[in-house]
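Visitor: Please see the structure below; I have some questions.
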Amino acid sequence: LQCWEVRKQNSSEWCRFIRSNPDCQMDGGFLDYLNGVFCVFPPRLLPLAVTLYALWLLYLFIILGVTAEKFFCPNLSAISTNLKLDPHAFSLTCPLHGVTFLAFGNGAPDVFSAVVAFSDPRTAGLAIGAIFGAGVFVTTVVAGGIALVKPFTAASRPFLRDVIFYMLAVFLTFMVLYFGRIRLGEALGYLGLYVFYVVTVVLCTWIHRRQRGDGTALPGPWEPEMPTDSEEPEPSGTNSSDYGEEYRPLLPSQETSLRILTTALSPLDYRKWRRKPWYWRLFKAFRVPVELVLLLTVPVVDPDKDDLNWKRPLNCLHILTSPLLCILTLKSGAYGLYQIQGIFPVWGLVTLVGSVLAIIIFITTSNEEPPKYHCVFAFLGFLASAMWINAAATELVNILRTLGIIFQLSNTVLGLTLLAWGNSIGDTFSDLTMARQGYPRMAFSACFGGIIFNILVGVGLGCLLQMSSSQPLVKLEPDSLLVWVLAGALGLSLVFSFVSVPAQCFQLGKAYGVCLIAYYLVFLCVALLTEFRVIHLSTS
């Protein structure tokens with residue numbers, strides 16, 4: 001029996017059904033959500049359990065957003081700077097940074113969610129639904145919203161290039177779904193197509209600049225560097241002097257290590273708190289616990305600061321906490337709890353080695369000047385934040401599967417709604433903010449350029465990691481008509497933009513925006529009617 005049939009049983013049999021059915025076992029994650037809702041909570045308290053799960057789902061999206069925005073992206077930027085891929089330099093490394101490091105930073109929650117979902121055939125529909133659902137949402141609602149907020153003239157060549165590559169990616173996915181499996185060559189084809197896209201972006205930029213006769217064109221539409229929430233623009237990371245920068249004393253003073261540590265671990269600027277509206281304070285109150293834990297476990301290197309965000313006591317603490325975080329979140333702590341020779345746990349060994357290294361670094365460095373090897377902390381922060389995103393994505397996928405079983409919904413509809421909306425909300429606010437501030441072309445290009453990374457790397461890498469020498473393929477059999485509705489809707493929206501935008505001479509106004517948003521509403525209605533079998537294929 002499949003796990004979703006639990007609701008067909010008598011309520012007194014729910015717990016026994018969940019515990020005895022192999023299809024109901026969660027392979028990863030720290031919490032067993034199915035056991036919690038059907039065994040811990042009595043049947044009459046099911047609405048309470050669902051409410052708590054929904055609140056935890058929202059908080060998981062906050063964790064993903066904060067980790068990616070404040071820790072993952074800044075460390076990626078620091079790594080690219082150390083690799084001499086300066087995003088502010090007017091050279092060919094500018095577009096290369098935009099379509100690799102920046103795309104990875106912005107798409108990290110989507111890609112990690114896809115990788116986690118593809119790891120289990122039972123949740124693969126979540127990945128397909130989320131990747132296609134986010135594609136439809138971003139290319140219709142977000143793109144249409146930009147046109148409504150500020151009519152503009154689209155950049156013709158980048159738009160046509162991105163839409164063509166995205167249509168190729170959708171067609172490739174459509175073929176994979178048609179055959180019901182993806183082999184090694186096809187998975188590598190996804191990644192190869194993305195590499196070809198990166199090369200095309202760089203070559204197009206080089207040709208365009210040669211035609212202009214100069215080598216210092218302005219940064220292109222691949223890098224929408226705007227804040228991703230409603231806060232004021234801040235420097236990268238959340239450490240120390242990000243809060244209250246203007247209140248620093250004019251004359252430098254020697255600070256004790258304890259004061260540096262307490263200041264660096266404060267995620268809240270009290271002066272800023274007092275002048276902000278109540279809804280900002282409420283959202284910030286939810287973010288503070290997440291930011292505090294992340295500050296304790298994830299170092300952030302900021303190349304734009306004179307001291308590179310070097311906080312000696314906190315960074316020495318990171319030498320201990322970051323490796324512990326990595327081994328305790330990898331495979332839900334299975335490796336960290338493993339005992340060497342059945343005697344000494346791995347986490348104990350990591351604690352011992354980390355403590356020794358932290359003491360050595362603390363003794364051999366000073367509070368005022370970062371060490372020469374400080375760039376290593378960017379790689380450590382990148383790894384630690386990636387592990388946090390992976391852990392949150394695992395819990396996200398598990399809780400969505402649980403809600404699907406409770407409400408008897410397919411993984412595909414959960415992916416195209418809750419998971420797609422949650423992962424796209426940051427892009428929505430940042431792109432619309434960018435448009436209001438007078439950069440609609442950049443925001444519009446980000447709608448089509450950013451999601452190419454999500455579909456090609458999300459599907460390609462997600463399937464590639466699940467393959468083995470004994471099983472060099474991943475089955476992706478569509479579980480319902482809804483998958484085809486979703487794929488067709490995304491393809492049709494891309495064709496509509498591909499035809500209508502040049503037909504308007506790339507002059508995009510309110511009519512185009514209204515058409516895109518209306519298209520999404522019609523698509524959502526058709527998708528829900530298909531899910532509830534009001535629309536179905538005739539079996540006669």
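Note on naming: chains are A, B, ... as they come in the structure tokens, residues start from 1 per chain, ligands start from 1 in the order shown.
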Pick out the residues sitting within 12 Å of A:Leu328, and hand them over as a PyMOL selection string; count only C-alpha atoms, and ignore anything fewer than 2 positions along from it in its own chain.

Guide: chain A and resi 29-30+321-326+330-338+345-348+350-351+384+387-388+391

Visitor: Find the spatial neighbours of A:Tyr519, counting only C-alpha atoms, within a cut-off of 9 Å - ignore same-chain residues fewer than 5 positions away - and output them as a list of chain:residue names.

Guide: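 The filter keeps A:Thr140, A:Val141, A:Ser493, A:Val514, A:Leu524.
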
Visitor: Any idea what's packed within 12 Å of A:Ile517, counting only C-alpha atoms, ignoring anything in its chain fewer than 4 positions away? Could you give it as an MDAnalysis selection string?

Guide: chainID A and resid 136:148 493 510:513 521:524

Visitor: Pick from A:Gly415, A:Gln507, A:Ile319, A:Leu409: nearest to A:Arg533, with only C-alpha atoms counted?

Guide: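 Distance minimum relative to A:Arg533 lands on A:Leu409.
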
Visitor: Of the candidates A:Ile406, A:Ala155, A:Val459, A:Val198, which one gets nearest to A:Val170 if we count only C-alpha atoms?

Guide: A:Val459

Visitor: I'd like the contact shell of A:Leu296 - 12 Å cut-off, only C-alpha atoms, skipping same-chain residues fewer than 6 positions apart - returned as a PyMOL selection string.

Guide: chain A and resi 71+238-239+261-262+264-267+289-290+311+313-325+381+384-385

Visitor: Tell me which protein, DNA and RNA residues are within 10 Å of A:Val37, counting only C-alpha atoms, leaving out same-chain ones fewer than 2 positions away, and put them as a list in words.

Guide: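 Result of the neighbour search: Trp14, Cys15, Asp32, Tyr33, Leu34, Asn35, Cys39, Val40, Phe41, Pro42, Pro43, Leu45, Leu46, Pro47, Leu48, Ala49, Val50, Leu52, Tyr53, Thr402, Leu403 and Ile406 of chain A.
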
Visitor: Keeping only N, CA and C atoms, write the selected residues as a PDB file, in the first residue's frame.

Guide:
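Printed below is result_17.pdb as written:
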ATOM      1  N   TRP A  14      -4.048   4.596  12.194  1.00  0.00           N
ATOM      2  CA  TRP A  14      -3.103   5.460  11.503  1.00  0.00           C
ATOM      3  C   TRP A  14      -1.658   5.190  11.919  1.00  0.00           C
ATOM      4  N   CYS A  15      -1.424   5.174  13.214  1.00  0.00           N
ATOM      5  CA  CYS A  15      -0.049   5.032  13.718  1.00  0.00           C
ATOM      6  C   CYS A  15       0.545   3.684  13.310  1.00  0.00           C
ATOM      7  N   ASP A  32      10.928  13.035  12.163  1.00  0.00           N
ATOM      8  CA  ASP A  32      10.002  12.130  11.475  1.00  0.00           C
ATOM      9  C   ASP A  32       8.611  12.756  11.521  1.00  0.00           C
ATOM     10  N   TYR A  33       8.279  13.499  10.475  1.00  0.00           N
ATOM     11  CA  TYR A  33       7.030  14.270  10.476  1.00  0.00           C
ATOM     12  C   TYR A  33       5.800  13.380  10.406  1.00  0.00           C
ATOM     13  N   LEU A  34       5.881  12.291   9.648  1.00  0.00           N
ATOM     14  CA  LEU A  34       4.728  11.392   9.548  1.00  0.00           C
ATOM     15  C   LEU A  34       4.421  10.746  10.899  1.00  0.00           C
ATOM     16  N   ASN A  35       5.456  10.277  11.579  1.00  0.00           N
ATOM     17  CA  ASN A  35       5.255   9.678  12.898  1.00  0.00           C
ATOM     18  C   ASN A  35       4.697  10.714  13.872  1.00  0.00           C
ATOM     19  N   CYS A  39       1.148   9.699  15.046  1.00  0.00           N
ATOM     20  CA  CYS A  39       1.359   8.913  16.265  1.00  0.00           C
ATOM     21  C   CYS A  39       1.439   9.778  17.517  1.00  0.00           C
ATOM     22  N   VAL A  40       2.114  10.911  17.442  1.00  0.00           N
ATOM     23  CA  VAL A  40       2.260  11.769  18.623  1.00  0.00           C
ATOM     24  C   VAL A  40       0.978  12.540  18.894  1.00  0.00           C
ATOM     25  N   PHE A  41       0.405  13.138  17.843  1.00  0.00           N
ATOM     26  CA  PHE A  41      -0.845  13.891  17.996  1.00  0.00           C
ATOM     27  C   PHE A  41      -2.039  12.945  17.873  1.00  0.00           C
ATOM     28  N   PRO A  42      -3.003  13.039  18.770  1.00  0.00           N
ATOM     29  CA  PRO A  42      -4.230  12.242  18.595  1.00  0.00           C
ATOM     30  C   PRO A  42      -5.017  12.726  17.386  1.00  0.00           C
ATOM     31  N   PRO A  43      -5.869  11.883  16.801  1.00  0.00           N
ATOM     32  CA  PRO A  43      -6.596  12.268  15.574  1.00  0.00           C
ATOM     33  C   PRO A  43      -7.384  13.564  15.686  1.00  0.00           C
ATOM     34  N   LEU A  45      -6.610  16.187  17.185  1.00  0.00           N
ATOM     35  CA  LEU A  45      -5.716  17.346  17.146  1.00  0.00           C
ATOM     36  C   LEU A  45      -4.955  17.448  15.824  1.00  0.00           C
ATOM     37  N   LEU A  46      -5.436  16.764  14.795  1.00  0.00           N
ATOM     38  CA  LEU A  46      -4.784  16.833  13.487  1.00  0.00           C
ATOM     39  C   LEU A  46      -4.714  18.261  12.950  1.00  0.00           C
ATOM     40  N   PRO A  47      -5.784  19.087  13.081  1.00  0.00           N
ATOM     41  CA  PRO A  47      -5.675  20.483  12.612  1.00  0.00           C
ATOM     42  C   PRO A  47      -4.558  21.255  13.316  1.00  0.00           C
ATOM     43  N   LEU A  48      -4.353  21.007  14.610  1.00  0.00           N
ATOM     44  CA  LEU A  48      -3.268  21.674  15.337  1.00  0.00           C
ATOM     45  C   LEU A  48      -1.916  21.244  14.794  1.00  0.00           C
ATOM     46  N   ALA A  49      -1.757  19.952  14.530  1.00  0.00           N
ATOM     47  CA  ALA A  49      -0.491  19.450  13.988  1.00  0.00           C
ATOM     48  C   ALA A  49      -0.202  20.071  12.622  1.00  0.00           C
ATOM     49  N   VAL A  50      -1.233  20.172  11.786  1.00  0.00           N
ATOM     50  CA  VAL A  50      -1.059  20.758  10.451  1.00  0.00           C
ATOM     51  C   VAL A  50      -0.675  22.235  10.567  1.00  0.00           C
ATOM     52  N   LEU A  52       0.937  23.698  13.087  1.00  0.00           N
ATOM     53  CA  LEU A  52       2.331  23.767  13.537  1.00  0.00           C
ATOM     54  C   LEU A  52       3.291  23.429  12.394  1.00  0.00           C
ATOM     55  N   TYR A  53       2.938  22.450  11.581  1.00  0.00           N
ATOM     56  CA  TYR A  53       3.782  22.082  10.442  1.00  0.00           C
ATOM     57  C   TYR A  53       3.851  23.222   9.427  1.00  0.00           C
ATOM     58  N   THR A 402       4.918  15.158   3.756  1.00  0.00           N
ATOM     59  CA  THR A 402       3.969  14.852   4.825  1.00  0.00           C
ATOM     60  C   THR A 402       2.644  15.567   4.605  1.00  0.00           C
ATOM     61  N   LEU A 403       2.695  16.855   4.243  1.00  0.00           N
ATOM     62  CA  LEU A 403       1.458  17.601   3.977  1.00  0.00           C
ATOM     63  C   LEU A 403       0.720  17.014   2.779  1.00  0.00           C
ATOM     64  N   ILE A 406      -1.109  13.990   4.111  1.00  0.00           N
ATOM     65  CA  ILE A 406      -2.242  14.380   4.953  1.00  0.00           C
ATOM     66  C   ILE A 406      -3.430  14.819   4.103  1.00  0.00           C
TER      67      ILE A 406
END

Visitor: Mind checking which residues fall within 9 Å of A:Ala386, counting only C-alpha atoms, ignoring those fewer than 3 positions away in the same chain, and posting them as an NGL selection string?

Guide: :A and (67-68 or 72 or 108 or 112 or 381-383 or 389-391)

Visitor: Taking only C-alpha atoms into account, name the residue in A:Phe407, A:Thr329, A:Cys447, A:Lys70 that is nearest to A:Pro299.

Guide: A:Lys70

Visitor: One number please: atom CA of A:Leu83 to atom CA of A:Val201, in Å, one decimal.

Guide: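 Atom-to-atom, atom CA of A:Leu83 to atom CA of A:Val201, that is 19.8 Å.
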
Visitor: One decimal, in Å: what's the spacing between atom CA of A:Val376 and atom CA of A:Asn423?

Guide: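 Distance reported for this atom pair: 29.5 Å.
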
Visitor: Near A:Leu461, within 9 Å and counting only C-alpha atoms, which residues show up once chain neighbours fewer than 5 positions away are dropped, as a VMD selection string?

Guide: chain A and resid 111 114 to 115 187 to 188 190 to 191 456 466

Visitor: Go through A:Trp278, A:Trp4, A:Phe165, A:Tyr373 one by one, measure the shortest atom-to-atom distance of each to A:Arg401 using only C-alpha atoms, and give the residue with the smallest value.

Guide: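 Distance minimum relative to A:Arg401 lands on A:Trp4.
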
Visitor: Could you tell me which of A:Leu529, A:Leu473, A:Leu432, A:Leu294 comes closest to A:Leu64 if we count only C-alpha atoms?

Guide: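 For A:Leu64, the nearest of the given residues is A:Leu294.
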
Visitor: If I take atom CA of A:Gly450 and atom CA of A:Thr530, how far is one from the other in Å, to one decimal?

Guide: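 Between atom CA of A:Gly450 and atom CA of A:Thr530 the gap works out to 28.8 Å.
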
Visitor: Taking the backbone alone, and naming residues the way the document does, which bits of stretch 406-446 of chain A are alpha helix (DSSP H) by DSSP, as a PyMOL selection string?

Guide: chain A and resi 406-407+411-414+420-436+440-446

Visitor: Taking only C-alpha atoms into account, which of A:Cys463, A:Ile63, A:Leu516, A:Val300 comes nearest A:Ala127?

Guide: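 So, comparing all the options, the nearest one is A:Cys463.
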